[in-house]
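**Student:** Contents of my_file_0.cif (mmCIF, C-alpha atoms) are below:
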```
data_work
#
loop_
_atom_site.label_atom_id
_atom_site.label_comp_id
_atom_site.auth_asym_id
_atom_site.auth_seq_id
_atom_site.Cartn_x
_atom_site.Cartn_y
_atom_site.Cartn_z
CA MET A 23 0.00 0.00 0.00
CA THR A 24 1.06 3.59 -0.55
CA VAL A 25 1.01 6.42 1.98
CA THR A 26 1.96 10.06 1.52
CA VAL A 27 4.54 11.59 3.85
CA LEU A 28 4.54 15.36 4.41
CA LEU A 29 7.61 17.22 5.62
CA PHE A 30 7.70 20.76 6.99
CA ALA A 31 10.07 23.51 8.05
CA SER A 32 13.44 22.18 9.27
CA TYR A 33 12.57 18.60 8.29
CA ALA A 34 11.72 19.64 4.74
CA ASP A 35 15.10 21.41 4.56
CA THR A 36 16.86 18.34 5.96
CA LEU A 37 15.39 15.94 3.39
CA GLY A 38 15.25 18.46 0.56
CA LYS A 39 11.56 17.85 -0.18
CA THR A 40 8.13 18.57 1.25
CA GLN A 41 6.34 15.40 0.20
CA LEU A 42 7.12 11.79 -0.69
CA GLU A 43 5.32 8.51 -1.27
CA LEU A 44 6.13 5.34 0.67
CA ASP A 45 5.33 1.79 -0.34
CA LEU A 46 4.54 -0.18 2.85
CA SER A 47 3.23 -3.65 3.55
CA ASN A 48 -0.29 -4.06 4.92
CA GLY A 49 -0.43 -3.58 8.67
CA ALA A 50 2.55 -1.21 8.67
CA THR A 51 2.69 1.29 11.55
CA VAL A 52 3.89 4.87 11.97
CA SER A 53 7.11 3.37 13.26
CA ASP A 54 7.59 1.38 10.02
CA ALA A 55 6.98 4.50 7.93
CA LEU A 56 9.54 6.46 9.97
CA GLY A 57 12.00 3.60 9.48
CA GLN A 58 11.72 3.93 5.71
CA VAL A 59 12.08 7.70 5.82
CA ARG A 60 15.23 7.28 7.90
CA SER A 61 16.96 5.41 5.09
CA MET A 62 16.72 8.49 2.85
CA PRO A 63 19.53 10.98 2.25
CA GLY A 64 19.56 13.72 4.91
CA ALA A 65 17.25 11.80 7.26
CA ASP A 66 20.07 11.10 9.69
CA ARG A 67 19.44 14.64 10.96
CA LEU A 68 15.86 13.84 12.04
CA PRO A 69 15.50 13.45 15.84
CA PRO A 70 15.10 9.90 17.21
CA GLU A 71 11.41 10.35 18.08
CA PRO A 72 9.81 13.01 15.90
CA LEU A 73 6.15 13.91 16.35
CA VAL A 74 3.88 12.38 13.73
CA ALA A 75 0.33 13.13 12.65
CA VAL A 76 -1.81 10.76 10.59
CA ASN A 77 -4.60 12.41 8.61
CA GLU A 78 -4.14 15.65 10.59
CA ARG A 79 -4.25 14.07 14.08
CA TYR A 80 -1.26 13.41 16.32
CA ALA A 81 -0.57 9.67 16.31
CA ARG A 82 1.47 7.19 18.31
CA ARG A 83 4.27 4.99 17.02
CA ASP A 84 2.10 1.85 16.97
CA HIS A 85 -0.73 3.48 14.99
CA VAL A 86 -1.55 1.13 12.07
CA LEU A 87 -1.60 2.89 8.70
CA ALA A 88 -4.08 2.42 5.86
CA ALA A 89 -3.58 2.90 2.13
CA GLY A 90 -3.79 6.57 1.19
CA ASP A 91 -3.05 7.87 4.69
CA GLU A 92 -1.34 11.25 5.01
CA VAL A 93 1.57 10.91 7.44
CA ALA A 94 3.01 14.26 8.54
CA ILE A 95 6.32 14.42 10.37
CA ILE A 96 5.94 17.44 12.63
CA PRO A 97 9.00 19.47 13.69
CA PRO A 98 8.87 21.16 17.13
CA VAL A 99 6.01 23.62 16.78
CA ALA A 100 6.74 27.32 17.24
CA GLY A 101 3.49 29.24 16.82
CA GLY A 102 2.54 32.31 18.83
CA MET B 21 -16.24 31.09 18.71
CA ARG B 22 -13.93 31.34 15.75
CA SER B 23 -10.35 30.54 14.80
CA ALA B 24 -8.41 31.27 11.64
CA LEU B 25 -5.07 31.40 9.94
CA THR B 26 -4.58 34.55 7.93
CA ASP B 27 -2.11 35.85 5.36
CA ARG B 28 -3.11 39.46 6.05
CA PRO B 29 -2.49 41.77 9.03
CA ILE B 30 -4.73 40.89 11.99
CA ASP B 31 -7.42 43.48 12.71
CA THR B 32 -7.31 43.31 16.51
CA ALA B 33 -10.06 45.91 17.02
CA ALA B 34 -12.38 43.78 14.89
CA LEU B 35 -11.65 40.76 17.12
CA VAL B 36 -12.64 42.73 20.21
CA ALA B 37 -15.86 43.86 18.54
CA GLU B 38 -16.56 40.27 17.51
CA VAL B 39 -16.64 38.95 21.11
CA ALA B 40 -18.52 41.91 22.61
CA ARG B 41 -21.84 41.00 24.30
CA GLY B 42 -23.95 42.92 26.80
CA ALA B 43 -23.69 40.09 29.36
CA ASN B 44 -19.89 40.26 29.45
CA GLY B 45 -18.19 42.30 32.15
CA ALA B 46 -14.64 41.53 31.02
CA THR B 47 -12.97 41.66 27.62
CA LEU B 48 -9.34 40.68 27.04
CA LEU B 49 -7.21 41.09 23.94
CA PHE B 50 -3.89 39.24 23.81
CA ILE B 51 -1.52 40.18 20.98
CA GLY B 52 1.67 38.24 20.31
CA THR B 53 4.15 40.39 18.39
CA VAL B 54 7.42 39.77 16.59
CA ARG B 55 10.28 40.92 18.82
CA ASN B 56 13.62 42.23 17.68
CA VAL B 57 15.80 39.91 19.73
CA ASN B 58 15.84 36.18 20.49
CA ASP B 59 18.61 34.31 22.31
CA ASP B 60 20.85 37.40 22.08
CA GLN B 61 20.55 37.58 18.30
CA THR B 62 19.11 40.61 16.52
CA VAL B 63 15.99 39.53 14.66
CA THR B 64 14.92 41.46 11.57
CA GLY B 65 11.83 39.44 10.63
CA ILE B 66 10.05 36.10 10.85
CA GLU B 67 8.45 33.89 8.25
CA TYR B 68 5.58 31.80 9.63
CA SER B 69 4.40 28.63 7.89
CA ALA B 70 1.95 25.90 8.87
CA TYR B 71 0.52 22.50 8.11
CA ARG B 72 -2.55 24.43 7.27
CA PRO B 73 -5.51 22.02 7.49
CA MET B 74 -4.21 20.46 10.71
CA ALA B 75 -3.36 23.84 12.26
CA GLU B 76 -6.88 25.06 11.50
CA ARG B 77 -8.40 21.95 13.07
CA GLU B 78 -6.23 22.16 16.20
CA MET B 79 -7.06 25.84 16.64
CA ALA B 80 -10.78 25.10 16.31
CA ASP B 81 -10.43 22.32 18.92
CA ILE B 82 -8.58 24.65 21.31
CA VAL B 83 -11.19 27.39 21.06
CA ARG B 84 -13.96 24.87 21.66
CA GLU B 85 -12.11 23.43 24.68
CA ALA B 86 -11.59 26.91 26.14
CA SER B 87 -15.25 27.68 25.67
CA GLU B 88 -16.34 24.47 27.43
CA ARG B 89 -13.84 24.75 30.29
CA PHE B 90 -14.28 28.39 31.12
CA GLY B 91 -17.90 29.03 30.24
CA THR B 92 -17.90 31.51 27.39
CA SER B 93 -18.46 31.08 23.69
CA ASN B 94 -17.00 34.56 23.06
CA VAL B 95 -13.52 33.39 22.09
CA VAL B 96 -11.71 34.27 18.86
CA VAL B 97 -8.14 33.54 17.77
CA GLU B 98 -6.28 34.44 14.58
CA HIS B 99 -2.72 33.47 13.68
CA ARG B 100 -0.79 35.16 10.92
CA LEU B 101 1.29 33.31 8.31
CA GLY B 102 3.90 34.59 5.87
CA GLU B 103 6.58 37.28 6.21
CA LEU B 104 6.29 39.49 9.30
CA THR B 105 8.45 42.35 10.50
CA ILE B 106 9.27 43.58 14.00
CA GLY B 107 6.17 44.65 15.91
CA ASP B 108 3.71 42.86 13.64
CA ALA B 109 0.99 40.86 15.39
CA SER B 110 1.62 37.15 14.82
CA VAL B 111 -1.30 35.99 16.94
CA ALA B 112 -4.30 37.67 18.56
CA ILE B 113 -6.83 36.23 21.00
CA ALA B 114 -9.97 38.07 22.05
CA VAL B 115 -12.06 36.70 24.92
CA ALA B 116 -15.13 38.16 26.57
CA HIS B 117 -16.66 36.68 29.71
CA PRO B 118 -19.13 37.75 32.37
CA ARG B 119 -16.19 37.81 34.88
CA ARG B 120 -12.53 38.75 34.57
CA GLY B 121 -11.26 35.47 36.07
CA GLY B 122 -12.87 33.42 33.35
CA ALA B 123 -11.59 35.78 30.65
CA TYR B 124 -7.98 35.52 31.87
CA ASP B 125 -8.20 31.73 32.22
CA ALA B 126 -9.67 31.23 28.74
CA SER B 127 -7.17 33.57 27.07
CA ARG B 128 -4.23 31.89 28.79
CA TYR B 129 -5.51 28.44 27.86
CA VAL B 130 -5.76 29.33 24.19
CA ILE B 131 -2.22 30.73 23.88
CA GLU B 132 -0.57 27.96 25.91
CA GLN B 133 -2.32 25.18 23.97
CA LEU B 134 -1.62 26.92 20.66
CA LYS B 135 2.09 27.01 21.42
CA LYS B 136 2.09 23.30 22.32
CA ARG B 137 -0.14 21.75 19.69
CA VAL B 138 -0.69 23.84 16.59
CA PRO B 139 1.66 22.89 13.73
CA ILE B 140 3.06 26.32 12.94
CA TRP B 141 6.76 27.06 12.46
CA LYS B 142 8.81 30.22 12.36
CA LEU B 143 11.94 30.91 10.39
CA GLU B 144 13.77 33.79 12.05
CA HIS B 145 15.80 36.18 9.93
CA TYR B 146 18.81 37.69 11.73
CA ALA B 147 20.71 40.93 11.22
CA ASP B 148 23.79 39.01 10.02
CA GLY B 149 21.79 37.56 7.10
CA THR B 150 21.40 34.06 8.54
CA ARG B 151 18.08 32.28 9.09
CA GLU B 152 17.07 29.63 11.57
CA TRP B 153 13.98 27.52 12.35
CA VAL B 154 12.97 28.36 15.90
CA GLY B 155 13.00 25.38 18.27
CA ALA B 156 14.28 23.00 15.59
CA GLY B 157 17.07 21.75 17.84
CA GLY B 158 14.77 21.06 20.79
CA PRO B 159 12.90 17.90 21.67
CA PRO B 160 9.49 17.31 20.14
CA VAL B 161 6.63 18.12 22.51
CA VAL B 162 5.33 14.63 23.15
CA GLU B 163 2.53 15.75 25.48
CA ALA B 164 0.78 16.90 22.33
CA VAL B 165 0.01 13.27 21.48
CA LYS B 166 -3.34 12.49 23.01
#
```
Could you write out this structure as structure tokens?
**Tutor:**
Amino acid sequence: MTVTVLLFASYADTLGKTQLELDLSNGATVSDALGQVRSMPGADRLPPEPLVAVNERYARRDHVLAAGDEVAIIPPVAGG
Amino acid sequence: MRSALTDRPIDTAALVAEVARGANGATLLFIGTVRNVNDDQTVTGIEYSAYRPMAEREMADIVREASERFGTSNVVVEHRLGELTIGDASVAIAVAHPRRGGAYDASRYVIEQLKKRVPIWKLEHYADGTREWVGAGGPPVVEAVK
């Protein structure tokens, strides 16, 4: 199945893109998606446990993904 | 109740007018502004960006929570995105409540939750020409995961 990964701010700079597609096996979790992202050039500068949102809601590492999900890796927020 | 991201200057007087009701004895306007120094570096401007649909949803949740917890539906928040200069309002919160205690509590709740949960980022521009994402080196705020 395919999921879309969104990158923002410092993480987008680190990986040199704002969006990418991942091919994952059925039953894959947020943790599995992060594992794949980590193998990409520049991803070694991501923190060990970045915040993740799935379909615009904060999600835990063991959250099971579905085809077409939007997985956002959220840098430390700095609004206000 | 209302919350919004905006690419235009925030009209703070309009926010105050929006929450005004005859039953309210207290009205508070909080304005967050771009300051000219951060961590001993001279700041010349800030570029705000967001994960827009999620930021809008989180802000709507926060305003609803504040309304439920503190007993007033007269709560409005706007956050600016894009290029801002020193003194510009980056965020404004207007709250009106029958009593001042409730107004202060609701206003404080909205800004503190916004800073923890809403996916907005700021790229600071410094006088020496460099730029840096604020907070990028810090740990992610894991309490945000509910």
**Student:** Figure out the distance between CA of Ile95 (chain A) and CA of Arg79 (chain A), please, to one decimal in Å.
**Tutor:**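 These atoms are spaced 11.2 Å apart.
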**Student:** Would you kindly report the residues of chain A within 6 Å of chain B, using only C-alpha atoms, as a list in words?
**Tutor:**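 Written out as asked, the residues are Glu78, Tyr80, Pro98, Val99, Ala100, Gly101 and Gly102 of chain A.
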**Student:** Work out how far apart CA of Gly122 (chain B) and CA of Arg41 (chain B) are and give it in Å to one decimal.
**Tutor:**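 Those two atoms sit 14.8 Å apart.
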**Student:** On this structure, the PyMOL selection byres ((chain B and resi 27) around 8) would catch which residues? List them as a PDB file with C-alpha atoms, in the coordinates of the input, sorted by chain and number.
**Tutor:**
```pdb
ATOM      1  CA  LEU B  25      -5.070  31.400   9.940  1.00  0.00           C
ATOM      2  CA  THR B  26      -4.580  34.550   7.930  1.00  0.00           C
ATOM      3  CA  ARG B  28      -3.110  39.460   6.050  1.00  0.00           C
ATOM      4  CA  PRO B  29      -2.490  41.770   9.030  1.00  0.00           C
ATOM      5  CA  ARG B 100      -0.790  35.160  10.920  1.00  0.00           C
ATOM      6  CA  LEU B 101       1.290  33.310   8.310  1.00  0.00           C
ATOM      7  CA  GLY B 102       3.900  34.590   5.870  1.00  0.00           C
TER       8      GLY B 102
END
```
**Student:** Please indicate the distance in Å from CA of Val57 (chain B) to CA of Ser32 (chain A), rounded to one decimal place.
**Tutor:**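 Pair CA of Val57 (chain B) / CA of Ser32 (chain A) returns 20.7 Å.
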**Student:** When distances are computed from all atoms listed in the file, which of A:Leu46, A:Leu56, A:Met62, A:Ala31 shows the smallest separation from Gly90 (chain A)?
**Tutor:**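 Closest candidate: A:Leu46.
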**Student:** Taking the file above as input, evaluate the PyMOL selection byres ((chain B and resi 32) around 9) and report the hits as an MDAnalysis selection string.
**Tutor:** chainID B and resid 30:31 33:37 49 51 109 112:114
**Student:** Go ahead and find all residues with at least one atom no further than 10 Å from (-6.3, 0.1, 6.9) in the file's coordinates, using only C-alpha atoms; report them as a PDB file with C-alpha atoms, keeping the file's coordinate frame.
**Tutor:**
```pdb
ATOM      1  CA  MET A  23       0.000   0.000   0.000  1.00  0.00           C
ATOM      2  CA  ASN A  48      -0.290  -4.060   4.920  1.00  0.00           C
ATOM      3  CA  GLY A  49      -0.430  -3.580   8.670  1.00  0.00           C
ATOM      4  CA  ALA A  50       2.550  -1.210   8.670  1.00  0.00           C
ATOM      5  CA  VAL A  86      -1.550   1.130  12.070  1.00  0.00           C
ATOM      6  CA  LEU A  87      -1.600   2.890   8.700  1.00  0.00           C
ATOM      7  CA  ALA A  88      -4.080   2.420   5.860  1.00  0.00           C
ATOM      8  CA  ALA A  89      -3.580   2.900   2.130  1.00  0.00           C
ATOM      9  CA  GLY A  90      -3.790   6.570   1.190  1.00  0.00           C
ATOM     10  CA  ASP A  91      -3.050   7.870   4.690  1.00  0.00           C
TER      11      ASP A  91
END
```
**Student:** Considering all atoms listed in the file, return as a list in words whatever protein or nucleic-acid residues lie within 8 Å of His117 (chain B), sequence-local ones (same chain, fewer than 6 positions apart) excluded.
**Tutor:** Ala43, Asn44, Gly45, Ala46, Thr47, Gly91, Thr92, Asn94 and Ala123 of chain B
**Student:** Extending 6 Å beyond the listed atoms of region 30-37 of chain A on each side, what axis-aligned box results? I want centre and edge lengths in Å to one decimal, as AutoDock Vina command-line options.
**Tutor:**
```
--center_x 12.3 --center_y 19.7 --center_z 6.3 --size_x 21.2 --size_y 19.6 --size_z 17.9
```
**Student:** Evaluated on this file, the PyMOL selection byres ((chain A and resi 41) around 7) picks out some residues - which ones are they, written as a VMD selection string?
**Tutor:** chain A and resid 27 to 29 39 to 40 42
**Student:** List the spatial neighbours of Arg151 (chain B) as a PyMOL selection string - criterion: any atom at most 10 Å away, all atoms listed in the file, same-chain residues fewer than 4 positions off excluded.
**Tutor:** chain B and resi 63+65-67+143-147
**Student:** Quick one: everything within 6 Å of region 71-77 of chain A, counting all atoms listed in the file, minus sequence neighbours fewer than 3 positions away in the same chain. Send it as number ranges by chain.
**Tutor:** A: 80-81, 92-96
**Student:** With N, CA and C atoms as the goal, would you fill in the gaps in region 93-121 of chain B and present it as a short mmCIF file (atom, residue, chain, number, x, y, z; two decimals), keeping the file's coordinate frame?
**Tutor:**
```cif
data_model
loop_
_atom_site.label_atom_id
_atom_site.label_comp_id
_atom_site.auth_asym_id
_atom_site.auth_seq_id
_atom_site.Cartn_x
_atom_site.Cartn_y
_atom_site.Cartn_z
N SER B 93 -18.65 31.40 25.10
CA SER B 93 -18.46 31.08 23.69
C SER B 93 -17.85 32.27 22.94
N ASN B 94 -17.54 33.34 23.69
CA ASN B 94 -17.00 34.56 23.06
C ASN B 94 -15.48 34.51 23.05
N VAL B 95 -14.96 33.62 22.20
CA VAL B 95 -13.52 33.39 22.09
C VAL B 95 -13.15 33.39 20.61
N VAL B 96 -12.16 34.21 20.25
CA VAL B 96 -11.71 34.27 18.86
C VAL B 96 -10.19 34.29 18.83
N VAL B 97 -9.59 33.51 17.92
CA VAL B 97 -8.14 33.54 17.77
C VAL B 97 -7.79 33.58 16.28
N GLU B 98 -6.82 34.42 15.95
CA GLU B 98 -6.28 34.44 14.58
C GLU B 98 -4.76 34.35 14.67
N HIS B 99 -4.17 33.56 13.76
CA HIS B 99 -2.72 33.47 13.68
C HIS B 99 -2.28 33.84 12.27
N ARG B 100 -1.29 34.67 12.21
CA ARG B 100 -0.79 35.16 10.92
C ARG B 100 0.24 34.19 10.34
N LEU B 101 0.25 34.06 9.01
CA LEU B 101 1.29 33.31 8.31
C LEU B 101 1.98 34.22 7.30
N GLY B 102 3.17 33.82 6.87
CA GLY B 102 3.90 34.59 5.87
C GLY B 102 5.00 35.43 6.50
N GLU B 103 5.46 36.43 5.77
CA GLU B 103 6.58 37.28 6.21
C GLU B 103 6.09 38.38 7.13
N LEU B 104 6.65 38.44 8.34
CA LEU B 104 6.29 39.49 9.30
C LEU B 104 7.53 40.28 9.68
N THR B 105 7.32 41.54 10.04
CA THR B 105 8.45 42.35 10.50
C THR B 105 8.27 42.67 11.98
N ILE B 106 9.27 43.29 12.57
CA ILE B 106 9.27 43.58 14.00
C ILE B 106 8.02 44.38 14.37
N GLY B 107 7.36 43.95 15.44
CA GLY B 107 6.17 44.65 15.91
C GLY B 107 4.87 44.16 15.32
N ASP B 108 4.94 43.39 14.23
CA ASP B 108 3.71 42.86 13.64
C ASP B 108 3.05 41.87 14.61
N ALA B 109 1.73 41.84 14.58
CA ALA B 109 0.99 40.86 15.39
C ALA B 109 1.03 39.51 14.69
N SER B 110 1.60 38.50 15.38
CA SER B 110 1.62 37.15 14.82
C SER B 110 0.40 36.36 15.25
N VAL B 111 -0.11 36.68 16.44
CA VAL B 111 -1.30 35.99 16.94
C VAL B 111 -2.12 36.97 17.77
N ALA B 112 -3.43 36.84 17.71
CA ALA B 112 -4.30 37.67 18.56
C ALA B 112 -5.45 36.81 19.06
N ILE B 113 -5.75 36.99 20.35
CA ILE B 113 -6.83 36.23 21.00
C ILE B 113 -7.74 37.24 21.69
N ALA B 114 -9.00 37.22 21.34
CA ALA B 114 -9.97 38.07 22.05
C ALA B 114 -10.94 37.16 22.79
N VAL B 115 -11.14 37.47 24.08
CA VAL B 115 -12.06 36.70 24.92
C VAL B 115 -12.95 37.68 25.67
N ALA B 116 -14.23 37.40 25.70
CA ALA B 116 -15.13 38.16 26.57
C ALA B 116 -15.88 37.17 27.44
N HIS B 117 -16.10 37.58 28.69
CA HIS B 117 -16.66 36.68 29.71
C HIS B 117 -17.43 37.54 30.70
N PRO B 118 -18.43 36.96 31.35
CA PRO B 118 -19.13 37.75 32.37
C PRO B 118 -18.17 38.26 33.45
N ARG B 119 -17.12 37.46 33.79
CA ARG B 119 -16.19 37.81 34.88
C ARG B 119 -14.74 37.80 34.40
N ARG B 120 -13.92 38.64 35.03
CA ARG B 120 -12.53 38.75 34.57
C ARG B 120 -11.73 37.45 34.74
N GLY B 121 -12.02 36.70 35.83
CA GLY B 121 -11.26 35.47 36.07
C GLY B 121 -11.41 34.49 34.91
#
```
